[in-house]
Structure formats: structure tokens, C-alpha cells
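File shown here: my_file-v2.tsv, holding TSV, C-alpha atoms and all ligand atoms.
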```
chain	number	residue	atom	x	y	z
K	1	MET	CA	10.11	2.70	16.38
K	2	ARG	CA	8.26	-0.50	15.68
K	3	PHE	CA	4.86	-1.58	14.38
K	4	VAL	CA	2.44	-3.06	16.90
K	5	PRO	CA	-0.86	-4.64	15.82
K	6	SER	CA	-3.93	-2.96	17.36
K	7	VAL	CA	-4.84	-6.05	19.38
K	8	CYS	CA	-1.44	-5.92	21.13
K	9	LEU	CA	-1.50	-2.24	22.13
K	10	GLN	CA	-1.10	-1.50	25.81
K	11	GLU	CA	-1.79	1.63	27.86
K	12	GLY	CA	1.31	3.79	28.36
K	13	MET	CA	2.98	2.87	25.07
K	14	ILE	CA	4.44	5.91	23.30
K	15	ILE	CA	3.26	6.80	19.79
K	16	GLY	CA	6.14	6.64	17.29
K	17	LYS	CA	4.48	8.29	14.34
K	18	ASP	CA	1.52	10.65	13.87
K	19	LEU	CA	-1.72	8.81	13.12
K	20	TYR	CA	-4.37	10.40	10.92
K	21	GLY	CA	-8.10	9.71	10.80
K	22	LEU	CA	-11.05	10.90	8.75
K	23	ASP	CA	-10.22	13.83	6.45
K	24	GLY	CA	-6.60	13.81	7.52
K	25	ILE	CA	-7.41	14.81	11.10
K	26	LEU	CA	-4.55	14.06	13.48
K	27	LEU	CA	-5.73	11.40	15.91
K	28	LEU	CA	-2.55	10.65	17.79
K	29	LYS	CA	0.64	12.63	17.92
K	30	GLU	CA	4.18	11.30	17.94
K	31	GLY	CA	5.50	11.20	21.51
K	32	GLN	CA	2.03	10.96	23.08
K	33	ARG	CA	1.36	8.23	25.65
K	34	ILE	CA	-1.48	5.97	24.65
K	35	THR	CA	-4.55	5.57	26.89
K	36	GLY	CA	-7.15	2.83	27.08
K	37	LYS	CA	-9.59	5.17	25.36
K	38	ASN	CA	-7.09	5.70	22.51
K	39	ILE	CA	-6.72	1.94	22.10
K	40	ASN	CA	-10.49	1.43	21.88
K	41	ARG	CA	-10.71	4.20	19.31
K	42	ILE	CA	-7.86	2.83	17.18
K	43	GLN	CA	-9.49	-0.60	17.21
K	44	SER	CA	-13.00	0.69	16.48
K	45	LEU	CA	-11.77	2.80	13.56
K	46	GLY	CA	-10.32	-0.32	12.00
K	47	PHE	CA	-6.58	0.46	12.16
K	48	GLN	CA	-4.58	-2.75	12.01
K	49	GLY	CA	-1.84	-1.30	14.18
K	50	ILE	CA	0.32	1.73	14.84
K	51	TYR	CA	3.97	2.64	15.27
K	52	ILE	CA	5.19	2.92	18.82
K	53	VAL	CA	8.59	3.68	20.25
K	54	ASP	CA	10.07	1.85	23.23
K	55	LYS	CA	13.48	0.93	24.63
K	56	ILE	CA	14.01	-1.96	22.27
K	57	SER	CA	13.07	0.09	19.21
K	58	GLU	CA	14.25	3.62	20.07
K	59	ASP	CA	17.20	3.44	17.66
K	60	ILE	CA	15.08	2.21	14.74
K	61	CYS	CA	14.06	5.03	12.47
K	62	ILE	CA	11.58	4.50	9.65
K	63	GLN	CA	11.89	6.81	6.70
K	64	ASN	CA	9.02	6.73	4.24
K	65	VAL	CA	9.29	7.08	0.49
K	66	ILE	CA	6.80	9.95	0.64
K	67	ASP	CA	6.11	12.38	3.44
K	68	ASP	CA	2.98	11.78	5.56
K	69	THR	CA	1.63	15.29	5.03
K	70	LEU	CA	1.89	14.96	1.25
K	71	ARG	CA	0.22	11.55	1.44
K	72	GLN	CA	-2.65	13.01	3.49
K	73	ARG	CA	-3.08	15.91	1.05
K	74	ALA	CA	-3.18	13.54	-1.92
K	75	ILE	CA	-5.72	11.33	-0.12
K	76	GLY	CA	-7.83	14.44	0.56
K	77	ALA	CA	-7.75	15.46	-3.12
K	78	VAL	CA	-8.81	11.97	-4.25
K	79	LYS	CA	-11.59	11.95	-1.68
K	80	HIS	CA	-12.89	15.30	-2.92
K	81	ILE	CA	-12.82	14.10	-6.53
K	82	PHE	CA	-14.85	11.01	-5.65
K	83	ASN	CA	-17.28	12.92	-3.43
K	84	CYS	CA	-17.85	15.68	-5.99
K	85	LEU	CA	-18.58	13.13	-8.70
K	86	GLU	CA	-20.97	11.28	-6.41
K	87	ASN	CA	-22.78	14.57	-5.79
K	88	LYS	CA	-22.69	15.37	-9.52
K	89	GLU	CA	-20.52	18.45	-8.91
K	90	GLU	CA	-18.38	17.85	-11.97
K	91	LYS	CA	-16.75	21.28	-12.17
K	92	LYS	CA	-15.67	21.08	-8.53
K	93	ALA	CA	-14.26	17.62	-9.15
K	94	GLU	CA	-12.13	19.00	-11.97
K	95	ILE	CA	-10.69	21.67	-9.69
K	96	ASN	CA	-9.66	18.96	-7.24
K	97	LEU	CA	-8.12	17.08	-10.14
K	98	LEU	CA	-5.70	19.99	-10.57
K	99	ASP	CA	-4.64	19.54	-6.93
K	100	ALA	CA	-4.23	15.82	-7.45
K	101	LYS	CA	-2.00	16.46	-10.50
K	102	GLN	CA	0.17	18.80	-8.42
K	103	TYR	CA	0.48	16.16	-5.67
K	104	ILE	CA	1.53	13.60	-8.27
K	105	GLU	CA	4.36	15.96	-9.30
K	106	ASN	CA	5.33	16.31	-5.64
K	107	ILE	CA	5.24	12.55	-5.10
K	108	ILE	CA	7.52	12.07	-8.13
K	109	ASP	CA	10.00	14.56	-6.63
K	110	GLU	CA	10.01	12.61	-3.38
K	111	ILE	CA	10.36	9.16	-4.90
K	112	ILE	CA	13.23	10.44	-7.07
K	113	ASN	CA	14.95	11.87	-3.97
K	114	ASN	CA	14.35	8.63	-2.05
K	115	LYS	CA	14.94	6.18	-4.86
K	116	HIS	CA	17.30	4.09	-2.69
K	117	LEU	CA	14.48	3.50	-0.18
K	118	ILE	CA	12.44	0.33	-0.18
K	119	ILE	CA	8.73	0.84	0.40
K	120	ASN	CA	7.39	-0.07	3.83
K	121	MET	CA	3.74	-0.44	3.03
K	122	VAL	CA	2.31	-1.01	6.48
K	123	ASP	CA	-1.40	-0.53	6.41
K	124	LEU	CA	-2.42	2.58	8.32
K	125	LYS	CA	-5.72	3.10	6.58
K	126	TYR	CA	-8.74	4.59	8.22
K	127	PHE	CA	-11.37	2.02	7.34
K	128	ASP	CA	-14.11	4.31	5.95
K	129	ASP	CA	-11.59	6.09	3.70
K	130	TYR	CA	-10.20	2.86	2.23
K	131	THR	CA	-10.83	3.80	-1.41
K	132	TYR	CA	-8.91	7.09	-1.21
K	133	TYR	CA	-5.94	5.66	0.70
K	134	HIS	CA	-5.90	2.77	-1.76
K	135	CYS	CA	-5.83	5.10	-4.82
K	136	VAL	CA	-2.86	7.00	-3.41
K	137	ASN	CA	-1.01	3.84	-2.38
K	138	VAL	CA	-1.50	2.34	-5.84
K	139	ALA	CA	-0.21	5.57	-7.41
K	140	VAL	CA	2.91	5.60	-5.21
K	141	LEU	CA	3.66	1.91	-5.77
K	142	SER	CA	3.12	2.27	-9.54
K	143	MET	CA	5.34	5.33	-9.83
K	144	VAL	CA	8.11	3.63	-7.84
K	145	VAL	CA	8.01	0.75	-10.32
K	146	GLY	CA	7.84	3.24	-13.21
K	147	LEU	CA	10.92	5.03	-11.91
K	148	ALA	CA	12.79	1.73	-11.63
K	149	LEU	CA	11.84	1.16	-15.29
K	150	LYS	CA	13.45	4.54	-16.04
K	151	LEU	CA	10.26	6.09	-17.41
K	152	ASN	CA	10.66	9.78	-18.13
K	153	ARG	CA	8.97	12.36	-15.92
K	154	GLU	CA	6.08	12.96	-18.31
K	155	ASP	CA	5.25	9.27	-18.40
K	156	LEU	CA	5.61	8.97	-14.62
K	157	CYS	CA	2.96	11.70	-14.29
K	158	LYS	CA	0.65	9.93	-16.73
K	159	LEU	CA	1.17	6.63	-14.90
K	160	GLY	CA	0.56	8.28	-11.51
K	161	LEU	CA	-2.63	9.92	-12.73
K	162	GLY	CA	-3.99	6.69	-14.22
K	163	ALA	CA	-3.11	4.84	-11.01
K	164	MET	CA	-4.67	7.46	-8.77
K	165	LEU	CA	-7.89	7.38	-10.80
K	166	HIS	CA	-7.88	3.65	-11.58
K	167	ASP	CA	-11.06	2.99	-9.61
K	168	ILE	CA	-12.87	6.25	-10.40
K	169	GLY	CA	-15.55	4.18	-12.17
K	170	LYS	CA	-16.62	2.82	-8.77
K	171	VAL	CA	-18.42	6.13	-8.28
K	172	PHE	CA	-20.92	4.80	-10.83
K	173	VAL	CA	-21.44	1.47	-9.03
K	174	PRO	CA	-24.08	1.33	-6.25
K	175	LYS	CA	-22.44	1.46	-2.79
K	176	GLU	CA	-24.57	-1.41	-1.45
K	177	ILE	CA	-23.00	-3.70	-4.06
K	178	LEU	CA	-19.45	-2.39	-3.54
K	179	ASN	CA	-19.62	-2.79	0.23
K	180	LYS	CA	-21.63	-5.99	0.30
K	181	GLU	CA	-20.40	-8.53	2.81
K	182	GLY	CA	-20.33	-12.05	1.43
K	183	SER	CA	-20.25	-13.19	-2.15
K	184	LEU	CA	-21.76	-11.29	-5.07
K	185	THR	CA	-24.34	-12.69	-7.48
K	186	ASP	CA	-23.26	-13.00	-11.13
K	187	GLU	CA	-25.27	-9.91	-11.96
K	188	GLU	CA	-23.68	-7.90	-9.13
K	189	MET	CA	-20.23	-9.08	-10.19
K	190	THR	CA	-20.87	-7.83	-13.75
K	191	ILE	CA	-21.91	-4.43	-12.35
K	192	VAL	CA	-18.77	-4.20	-10.19
K	193	GLN	CA	-16.56	-5.24	-13.09
K	194	SER	CA	-18.04	-2.50	-15.25
K	195	HIS	CA	-16.15	0.09	-13.16
K	196	SER	CA	-13.03	0.01	-15.34
K	197	GLU	CA	-15.02	0.80	-18.51
K	198	LYS	CA	-17.22	3.35	-16.74
K	199	GLY	CA	-14.15	5.12	-15.37
K	200	TYR	CA	-12.50	5.09	-18.79
K	201	ASP	CA	-15.63	6.44	-20.51
K	202	TYR	CA	-16.00	9.25	-17.99
K	203	LEU	CA	-12.35	10.34	-18.10
K	204	ARG	CA	-12.20	10.18	-21.91
K	205	GLU	CA	-15.40	12.09	-22.48
K	206	LYS	CA	-15.40	14.63	-19.65
K	207	TRP	CA	-11.87	15.46	-18.60
K	208	GLU	CA	-8.76	16.54	-20.36
K	209	ILE	CA	-6.32	13.96	-19.18
K	210	PRO	CA	-3.66	12.11	-21.20
K	211	ILE	CA	-4.77	9.14	-23.32
K	212	LYS	CA	-2.19	6.91	-21.64
K	213	SER	CA	-3.77	7.66	-18.25
K	214	TYR	CA	-7.33	6.75	-19.16
K	215	ILE	CA	-6.26	3.70	-21.17
K	216	ALA	CA	-4.44	2.58	-17.99
K	217	VAL	CA	-7.76	2.84	-16.14
K	218	LEU	CA	-9.59	0.76	-18.76
K	219	PHE	CA	-7.20	-2.20	-18.57
K	220	HIS	CA	-6.17	-2.29	-14.91
K	221	HIS	CA	-8.08	-5.55	-14.38
K	222	GLU	CA	-6.64	-7.33	-17.40
K	223	ARG	CA	-4.45	-10.29	-16.47
K	224	TYR	CA	-1.20	-11.40	-18.09
K	225	ASN	CA	-2.63	-14.82	-19.06
K	226	GLY	CA	-5.76	-13.33	-20.62
K	227	THR	CA	-8.17	-14.15	-17.79
K	228	GLY	CA	-8.92	-10.53	-16.84
K	229	TYR	CA	-11.55	-8.05	-17.94
K	230	PRO	CA	-12.98	-6.15	-19.80
K	231	ARG	CA	-11.28	-7.47	-22.99
K	232	GLY	CA	-9.33	-10.56	-21.89
K	233	LYS	CA	-6.14	-9.07	-23.34
K	234	GLU	CA	-2.87	-10.95	-22.88
K	235	LYS	CA	0.78	-10.21	-22.11
K	236	GLY	CA	2.27	-7.32	-24.09
K	237	ASN	CA	-1.13	-6.51	-25.59
K	238	ILE	CA	-2.00	-5.04	-22.22
K	239	GLN	CA	-0.64	-1.50	-21.96
K	240	LEU	CA	2.45	-1.23	-19.72
K	241	PHE	CA	0.81	1.19	-17.27
K	242	SER	CA	-2.11	-1.19	-16.73
K	243	ARG	CA	0.29	-4.10	-16.11
K	244	ILE	CA	2.06	-2.04	-13.45
K	245	ILE	CA	-1.16	-0.80	-11.81
K	246	ALA	CA	-2.57	-4.36	-11.75
K	247	ILE	CA	0.22	-5.52	-9.41
K	248	ALA	CA	0.07	-2.43	-7.16
K	249	ASP	CA	-3.73	-2.66	-6.97
K	250	VAL	CA	-3.81	-6.32	-5.91
K	251	TYR	CA	-0.92	-5.93	-3.46
K	252	ASP	CA	-2.43	-2.96	-1.65
K	253	ALA	CA	-5.90	-4.54	-1.59
K	254	LEU	CA	-4.46	-7.72	-0.05
K	255	ILE	CA	-2.75	-5.87	2.82
K	256	SER	CA	-5.98	-4.00	3.62
K	257	ASP	CA	-8.94	-5.04	5.74
K	258	ARG	CA	-12.01	-5.35	3.54
K	259	PRO	CA	-15.68	-5.88	4.46
K	260	TYR	CA	-15.47	-9.47	3.15
K	261	ARG	CA	-12.01	-10.49	4.48
K	262	LYS	CA	-9.17	-9.57	6.81
K	263	ALA	CA	-5.90	-8.10	5.58
K	264	VAL	CA	-2.96	-10.40	4.94
K	265	LEU	CA	0.62	-9.65	6.03
K	266	PRO	CA	2.88	-7.82	3.55
K	267	SER	CA	5.07	-10.95	3.33
K	268	ASP	CA	2.04	-13.07	2.37
K	269	ALA	CA	0.90	-10.46	-0.17
K	270	ILE	CA	4.37	-10.43	-1.76
K	271	GLU	CA	4.30	-14.23	-1.84
K	272	TYR	CA	0.94	-14.07	-3.64
K	273	VAL	CA	2.29	-11.56	-6.18
K	274	MET	CA	5.36	-13.77	-6.78
K	275	GLY	CA	3.15	-16.84	-7.12
K	276	ALA	CA	1.02	-15.07	-9.72
K	277	SER	CA	4.05	-13.97	-11.74
K	278	GLY	CA	3.57	-15.03	-15.35
K	279	LEU	CA	-0.05	-15.95	-14.63
K	280	PHE	CA	-1.81	-12.75	-13.65
K	281	PHE	CA	1.16	-10.43	-13.68
K	282	ASP	CA	4.01	-9.56	-16.01
K	283	PRO	CA	7.03	-11.49	-14.62
K	284	GLU	CA	9.50	-8.72	-15.44
K	285	LEU	CA	7.40	-6.20	-13.50
K	286	VAL	CA	6.97	-8.61	-10.57
K	287	LYS	CA	10.79	-8.86	-10.35
K	288	ILE	CA	10.98	-5.07	-9.98
K	289	PHE	CA	8.03	-4.86	-7.60
K	290	VAL	CA	9.49	-7.35	-5.12
K	291	GLN	CA	12.77	-5.43	-5.06
K	292	LYS	CA	11.01	-2.19	-4.25
K	293	VAL	CA	8.40	-3.30	-1.69
K	294	ALA	CA	9.51	-4.87	1.58
K	295	PRO	CA	7.82	-8.16	2.49
K	296	TYR	CA	9.04	-7.50	6.03
K	297	PRO	CA	8.60	-3.73	6.52
K	298	LEU	CA	10.98	-1.85	8.82
K	299	GLY	CA	9.84	-2.04	12.41
K	300	SER	CA	7.95	-5.32	12.05
K	301	CYS	CA	8.76	-8.17	14.43
K	302	VAL	CA	9.63	-11.53	12.90
K	303	ARG	CA	10.29	-15.01	14.18
K	304	LEU	CA	13.33	-16.94	12.96
K	305	SER	CA	13.84	-20.63	12.34
K	306	ASN	CA	16.37	-20.74	15.23
K	307	GLY	CA	13.66	-19.63	17.69
K	308	LYS	CA	14.89	-16.06	17.99
K	309	ILE	CA	12.80	-12.93	17.47
K	310	GLY	CA	13.94	-9.74	15.79
K	311	ILE	CA	12.80	-6.33	14.61
K	312	VAL	CA	13.50	-5.54	10.96
K	313	VAL	CA	15.98	-2.64	10.78
K	314	GLY	CA	17.14	-2.84	7.17
K	315	ASN	CA	16.02	-4.26	3.82
K	316	TYR	CA	17.89	-5.16	0.66
K	317	GLU	CA	16.61	-4.77	-2.90
K	318	ASP	CA	18.47	-7.87	-4.05
K	319	ALA	CA	17.49	-10.09	-1.08
K	320	CYS	CA	14.01	-9.07	0.01
K	321	LEU	CA	13.49	-12.14	2.21
K	322	ARG	CA	16.75	-11.66	4.13
K	323	PRO	CA	16.59	-8.31	5.96
K	324	LYS	CA	18.86	-7.03	8.73
K	325	LEU	CA	17.39	-7.58	12.21
K	326	LYS	CA	17.87	-6.37	15.75
K	327	LEU	CA	17.56	-9.45	17.94
K	328	LEU	CA	15.25	-9.11	20.92
K	329	ASN	CA	15.64	-12.23	23.03
K	330	SER	CA	19.40	-12.07	23.12
K	331	GLU	CA	21.55	-11.95	26.28
K	332	ILE	CA	23.68	-9.17	24.83
K	333	GLU	CA	21.96	-5.81	24.24
K	334	ASP	CA	21.91	-4.41	20.72
K	335	THR	CA	22.69	-7.64	18.91
K	336	TYR	CA	22.07	-7.49	15.18
K	337	LEU	CA	21.77	-10.25	12.63
K	338	ASP	CA	22.13	-9.50	8.96
K	339	LEU	CA	20.38	-12.37	7.20
K	340	LYS	CA	21.95	-11.38	3.90
K	341	ASN	CA	25.54	-10.74	4.92
K	342	ASP	CA	26.31	-12.55	8.22
K	343	PRO	CA	27.80	-15.99	7.45
K	344	GLU	CA	26.39	-17.38	10.75
K	345	SER	CA	22.88	-16.58	9.53
K	346	TRP	CA	23.02	-18.67	6.40
K	347	ASN	CA	21.02	-21.53	7.93
K	348	VAL	CA	18.46	-19.18	9.43
K	349	THR	CA	15.19	-18.18	7.76
K	350	ILE	CA	12.21	-16.03	8.70
K	351	VAL	CA	9.33	-18.31	9.58
K	352	GLY	CA	6.65	-15.75	10.42
K	353	ASN	CA	5.60	-12.48	11.96
K	354	VAL	CA	5.27	-12.00	15.71
K	355	VAL	CA	1.94	-10.49	16.60
K	356	ASP	CA	1.86	-11.18	20.33
K	357	ASN	CA	3.58	-8.54	22.47
K	358	SER	CA	4.12	-10.92	25.37
K	359	GLU	CA	6.69	-12.75	23.24
K	360	ILE	CA	8.66	-9.55	22.76
K	361	TYR	CA	9.12	-8.43	26.37
H	401	FE	FE	-10.46	-1.71	-10.03
```
Can I see the file as C-alpha cells?
Ligand SMILES: [Fe+2]
Amino acid sequence: MRFVPSVCLQEGMIIGKDLYGLDGILLLKEGQRITGKNINRIQSLGFQGIYIVDKISEDICIQNVIDDTLRQRAIGAVKHIFNCLENKEEKKAEINLLDAKQYIENIIDEIINNKHLIINMVDLKYFDDYTYYHCVNVAVLSMVVGLALKLNREDLCKLGLGAMLHDIGKVFVPKEILNKEGSLTDEEMTIVQSHSEKGYDYLREKWEIPIKSYIAVLFHHERYNGTGYPRGKEKGNIQLFSRIIAIADVYDALISDRPYRKAVLPSDAIEYVMGASGLFFDPELVKIFVQKVAPYPLGSCVRLSNGKIGIVVGNYEDACLRPKLKLLNSEIEDTYLDLKNDPESWNVTIVGNVVDNSEIY
């Protein structure tokens, strides 16, 4: 299986992984052959790409930290919470909160079972459901970091809940401001930034959720050097959960298409996070984050400094920029290059991602 950007999809390619659309509806099934109509639909719905399987990638299997069905259910619960609050159906929203809490427990079980796995956060978001996908992604990323920090199960739940609800305050911000293309006025920016306090106020006053979870919501836009909001807190004065969520939030937002900018590649997002270590983000947490999230996700095609092209087949926690690759333009079939462990690869580096299919075949 490998990841192919939407613009490079071709008729006849075989789907490698189920693709879900609005409300978790299955759009494309694993094993299905893709048609021109499918390609148009994928592109119009705003998917950046999909997994396909072909001869060169048939032996590459991609195991996710959490199961797709569980992810879809969690996304559905978050969506219902947001929608109910928007429609002022507060009691209904609380019922969905119970589902969300159960899914957080399930996600913790899965990340504990898969704790050796490195996260392949390839963006498969359905554009209109960005907020809900984002909330779940931030929760998963945060809990993976929390587990690496050896937080106990109770705290992992509190962290997951805070992360899943970190942007709940956006329900109270007008949609036309949230989705505005182009830059915001100072006044609009102040309204958008009020979402962390509005979310905190709502959760504290209306719902019975742990203090640690709603405090995490309040401070998720604080920055390590004191340049964040709403209080301009610094370093260890920012609660641990908020420091974790801050990294996960920015990372996932960067790898997503937004109305005002295109997504960046996971490797570029990781580079940004590393560059902001000690400035915006807690350096100790950045160290953990970059071990747990792959800059070059499994199945992505990369270009090497020696001119060769490879598909990422393995990642290492202690050498995130030097994955194991299956070489594509090699005379011998099934040639692998382990950038971390093969001595002949020591002069070779990854210089970029390959996004044009014609270079692969
Ligand atoms: Fe936020």
C-alpha cells in the first residue's frame, strides 16, 4: 500500500484502504478499482490523497495506532457534540459526551496495545468535517505523548477529553469569522481567540468533567515563551496537558488543508515543530513528539540525495529522519535501503517527497 496525492490518481488504481466521507459514510472500499468519477469526487471533497495498492507497494502494510472504525465513531461523537451545542440541545450534547468518553477509553486501550507503533498521520480528512477530525487527531496525538510520559490511565483519560474538546469554544464563534478566507481584522482575531476561554467557561459551568480537562482547554493556545493567549503564561506555569495539546493542535492543523492555506507535508510540519521547540513548545515534549510521529509516514514516496526514489516501509523512534525504504528505480526487484542501519546509506539523505506518479513508474 502507498499514499498517492489526489492530483496523481489514475483510473484503474486499486484502493488500499477504506475511505470515509461525511458522517463516516464509506466512500471507497479497499480492493475497489478507482474510476474517473471517483477521482473527481475525491478531489472535489478536498481529500489530499488516498492509499492505493499496486505491484510496487503490495508488500507494504500500514498498521494504524487506532482502528479506522473507532476513529470514525469518535469523530461522529465529536460532531454530534458540536452540532447539538450549536442547536442549543445541551442535554443531547451531554449524552454524546458519554459516547466520546467511552471512545477515549477505547483509544487508550489501542494506543497501549500499539505503543511500539509510530503514528502515520496522513491527512485523510473530509474537508467539511475538518473540526471533528482535527479534535480526534489532537486527542490521539496527545494521548500517545501522554503514554510516552508514563501518565496513569486516569490522567490519560483527562488529557484525551481535554484534547478532544480543546476547540469546543469555537461553537460560540460566528462561522463566517471562523471560515473567513484571507486575513482577519484585529476585532475578528480577538473574537476567534476568545474560543479557549468560552470553551473553558462552558465546560466548567455546564458539564461535569475533570478540572484538569477544562483547564487544558483554557490554556491550549499558551506558548512556552509567553507569547500565547489568553494569559501569556510561560514554561512550567502552563499546565502539562495544555503544553502537550498545543503541539498536537499545531501539527495537525499544519498538515490539513484550510480555507486560507494549503496543507504542508508531515515532514515540513515536524520541522516546524522542531524549529519552535523552546519558543512556542516545551522542548522536552517536542523530543517525545518527534519520536512518536513519523515525518515520513509509511507508504509515502521520497526522493533521496543520490537521485533514487523509495517508499517508506519502516520508521525508527530514535532516527525519525532516517526511515527504511523500498527502492523503486532500482534494477533489482525488492531492493531495500535502511537509512538508519545500512552503512552504504550514511551519505544519503531524504531531500523531499515525490508527488508526481510519472516519476514512480
Ligand atoms: Fe484552539
**Request:** Pick out the residues no farther than 9 Å from ligand FE 401 (chain H), counting all atoms listed in the file, and list them as a list in words.
**Result:**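 Checking all atoms listed in the file against ligand FE 401 (chain H) at 9 Å gives His166, Asp167, Ile168, Gly169, Lys170, Val192, Gln193, His195, Ser196, Val217, His220, His221, Ala246 and Asp249 of chain K.
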With distances taken over all atoms listed in the file, the candidate from K:Val138, K:Leu26, K:Ile14, K:Ala276 nearest Asp54 (chain K) is K:Ile14
In terms of only C-alpha atoms, the residue from K:Tyr229, K:Tyr133, K:Trp207, K:Tyr103 at minimal distance from Gly160 (chain K) is K:Tyr103
Which residues, written as a PDB file with C-alpha atoms, in the frame of the given file, have at least one atom at most 8 Å from Pro297 (chain K), with all atoms listed in the file counted and residues fewer than 3 positions away on the same chain left out?
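So the final result, stored in part_35.pdb, reads:
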```pdb
ATOM      1  CA  ILE K 119       8.730   0.840   0.400  1.00  0.00           C
ATOM      2  CA  ASN K 120       7.390  -0.070   3.830  1.00  0.00           C
ATOM      3  CA  MET K 121       3.740  -0.440   3.030  1.00  0.00           C
ATOM      4  CA  VAL K 122       2.310  -1.010   6.480  1.00  0.00           C
ATOM      5  CA  PRO K 266       2.880  -7.820   3.550  1.00  0.00           C
ATOM      6  CA  ALA K 294       9.510  -4.870   1.580  1.00  0.00           C
ATOM      7  CA  SER K 300       7.950  -5.320  12.050  1.00  0.00           C
ATOM      8  CA  VAL K 312      13.500  -5.540  10.960  1.00  0.00           C
ATOM      9  CA  ASN K 315      16.020  -4.260   3.820  1.00  0.00           C
TER      10      ASN K 315
END
```
Shortest contact to Val302 (chain K), candidates K:Tyr272, K:Val354, K:Met143, K:Asp257, atoms counted all atoms listed in the file, goes to K:Val354
Two-atom distance - CA of Asp268 (chain K), CA of Ile108 (chain K) (Å) |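 Answer for the CA of Asp268 (chain K) to CA of Ile108 (chain K) separation: 27.8 Å.
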Min atom-atom distance to Asn152 (chain K) from the set K:Arg231, K:Val286, K:Phe3, K:Ile112, counting all atoms listed in the file, belongs to K:Ile112
Problem - One-decimal distance in Å that lies between CA of Glu208 (chain K) and CA of Leu85 (chain K) - result: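 That distance, rounded to one decimal, is 15.6 Å.
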Counting all atoms listed in the file, the residue among K:Thr227, K:Lys158, K:Ile255, K:Leu218 that lies closest to Arg204 (chain K) is K:Leu218
Check: Do you know which residues are at most 6 Å from region 61-70 of chain K counting all atoms listed in the file, after dropping those on the same chain fewer than 2 positions away, and could you put them as an MDAnalysis selection string?
Finding: chainID K and resid 72:73 110:111 114
Would you output that residue set with C-alpha atoms, as a CSV table (one decimal), in the frame of the given file?
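Done, and the output landed in selection28.csv:
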```csv
chain,number,residue,atom,x,y,z
K,72,GLN,CA,-2.6,13.0,3.5
K,73,ARG,CA,-3.1,15.9,1.0
K,110,GLU,CA,10.0,12.6,-3.4
K,111,ILE,CA,10.4,9.2,-4.9
K,114,ASN,CA,14.4,8.6,-2.0
```
Around (5.3, -6.6, 16.6), as given in the file, which residues come within 12 Å? Count all atoms listed in the file and list them as a PDB file with C-alpha atoms, keeping the file's coordinate frame.
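File produced: result.pdb:
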```pdb
ATOM      1  CA  MET K   1      10.110   2.700  16.380  1.00  0.00           C
ATOM      2  CA  ARG K   2       8.260  -0.500  15.680  1.00  0.00           C
ATOM      3  CA  PHE K   3       4.860  -1.580  14.380  1.00  0.00           C
ATOM      4  CA  VAL K   4       2.440  -3.060  16.900  1.00  0.00           C
ATOM      5  CA  PRO K   5      -0.860  -4.640  15.820  1.00  0.00           C
ATOM      6  CA  SER K   6      -3.930  -2.960  17.360  1.00  0.00           C
ATOM      7  CA  VAL K   7      -4.840  -6.050  19.380  1.00  0.00           C
ATOM      8  CA  CYS K   8      -1.440  -5.920  21.130  1.00  0.00           C
ATOM      9  CA  LEU K   9      -1.500  -2.240  22.130  1.00  0.00           C
ATOM     10  CA  GLN K  48      -4.580  -2.750  12.010  1.00  0.00           C
ATOM     11  CA  GLY K  49      -1.840  -1.300  14.180  1.00  0.00           C
ATOM     12  CA  ILE K  50       0.320   1.730  14.840  1.00  0.00           C
ATOM     13  CA  TYR K  51       3.970   2.640  15.270  1.00  0.00           C
ATOM     14  CA  ILE K  52       5.190   2.920  18.820  1.00  0.00           C
ATOM     15  CA  VAL K  53       8.590   3.680  20.250  1.00  0.00           C
ATOM     16  CA  ASP K  54      10.070   1.850  23.230  1.00  0.00           C
ATOM     17  CA  ILE K  56      14.010  -1.960  22.270  1.00  0.00           C
ATOM     18  CA  SER K  57      13.070   0.090  19.210  1.00  0.00           C
ATOM     19  CA  VAL K 122       2.310  -1.010   6.480  1.00  0.00           C
ATOM     20  CA  LEU K 265       0.620  -9.650   6.030  1.00  0.00           C
ATOM     21  CA  TYR K 296       9.040  -7.500   6.030  1.00  0.00           C
ATOM     22  CA  PRO K 297       8.600  -3.730   6.520  1.00  0.00           C
ATOM     23  CA  LEU K 298      10.980  -1.850   8.820  1.00  0.00           C
ATOM     24  CA  GLY K 299       9.840  -2.040  12.410  1.00  0.00           C
ATOM     25  CA  SER K 300       7.950  -5.320  12.050  1.00  0.00           C
ATOM     26  CA  CYS K 301       8.760  -8.170  14.430  1.00  0.00           C
ATOM     27  CA  VAL K 302       9.630 -11.530  12.900  1.00  0.00           C
ATOM     28  CA  ARG K 303      10.290 -15.010  14.180  1.00  0.00           C
ATOM     29  CA  ILE K 309      12.800 -12.930  17.470  1.00  0.00           C
ATOM     30  CA  GLY K 310      13.940  -9.740  15.790  1.00  0.00           C
ATOM     31  CA  ILE K 311      12.800  -6.330  14.610  1.00  0.00           C
ATOM     32  CA  VAL K 312      13.500  -5.540  10.960  1.00  0.00           C
ATOM     33  CA  LEU K 328      15.250  -9.110  20.920  1.00  0.00           C
ATOM     34  CA  GLY K 352       6.650 -15.750  10.420  1.00  0.00           C
ATOM     35  CA  ASN K 353       5.600 -12.480  11.960  1.00  0.00           C
ATOM     36  CA  VAL K 354       5.270 -12.000  15.710  1.00  0.00           C
ATOM     37  CA  VAL K 355       1.940 -10.490  16.600  1.00  0.00           C
ATOM     38  CA  ASP K 356       1.860 -11.180  20.330  1.00  0.00           C
ATOM     39  CA  ASN K 357       3.580  -8.540  22.470  1.00  0.00           C
ATOM     40  CA  SER K 358       4.120 -10.920  25.370  1.00  0.00           C
ATOM     41  CA  GLU K 359       6.690 -12.750  23.240  1.00  0.00           C
ATOM     42  CA  ILE K 360       8.660  -9.550  22.760  1.00  0.00           C
ATOM     43  CA  TYR K 361       9.120  -8.430  26.370  1.00  0.00           C
TER      44      TYR K 361
END
```
Residue contacts of region 92-101 of chain K (6 Å, all atoms listed in the file) excluding same-chain residues fewer than 3 positions away, as a PyMOL selection string:
chain K and resi 77+81+84+89+104
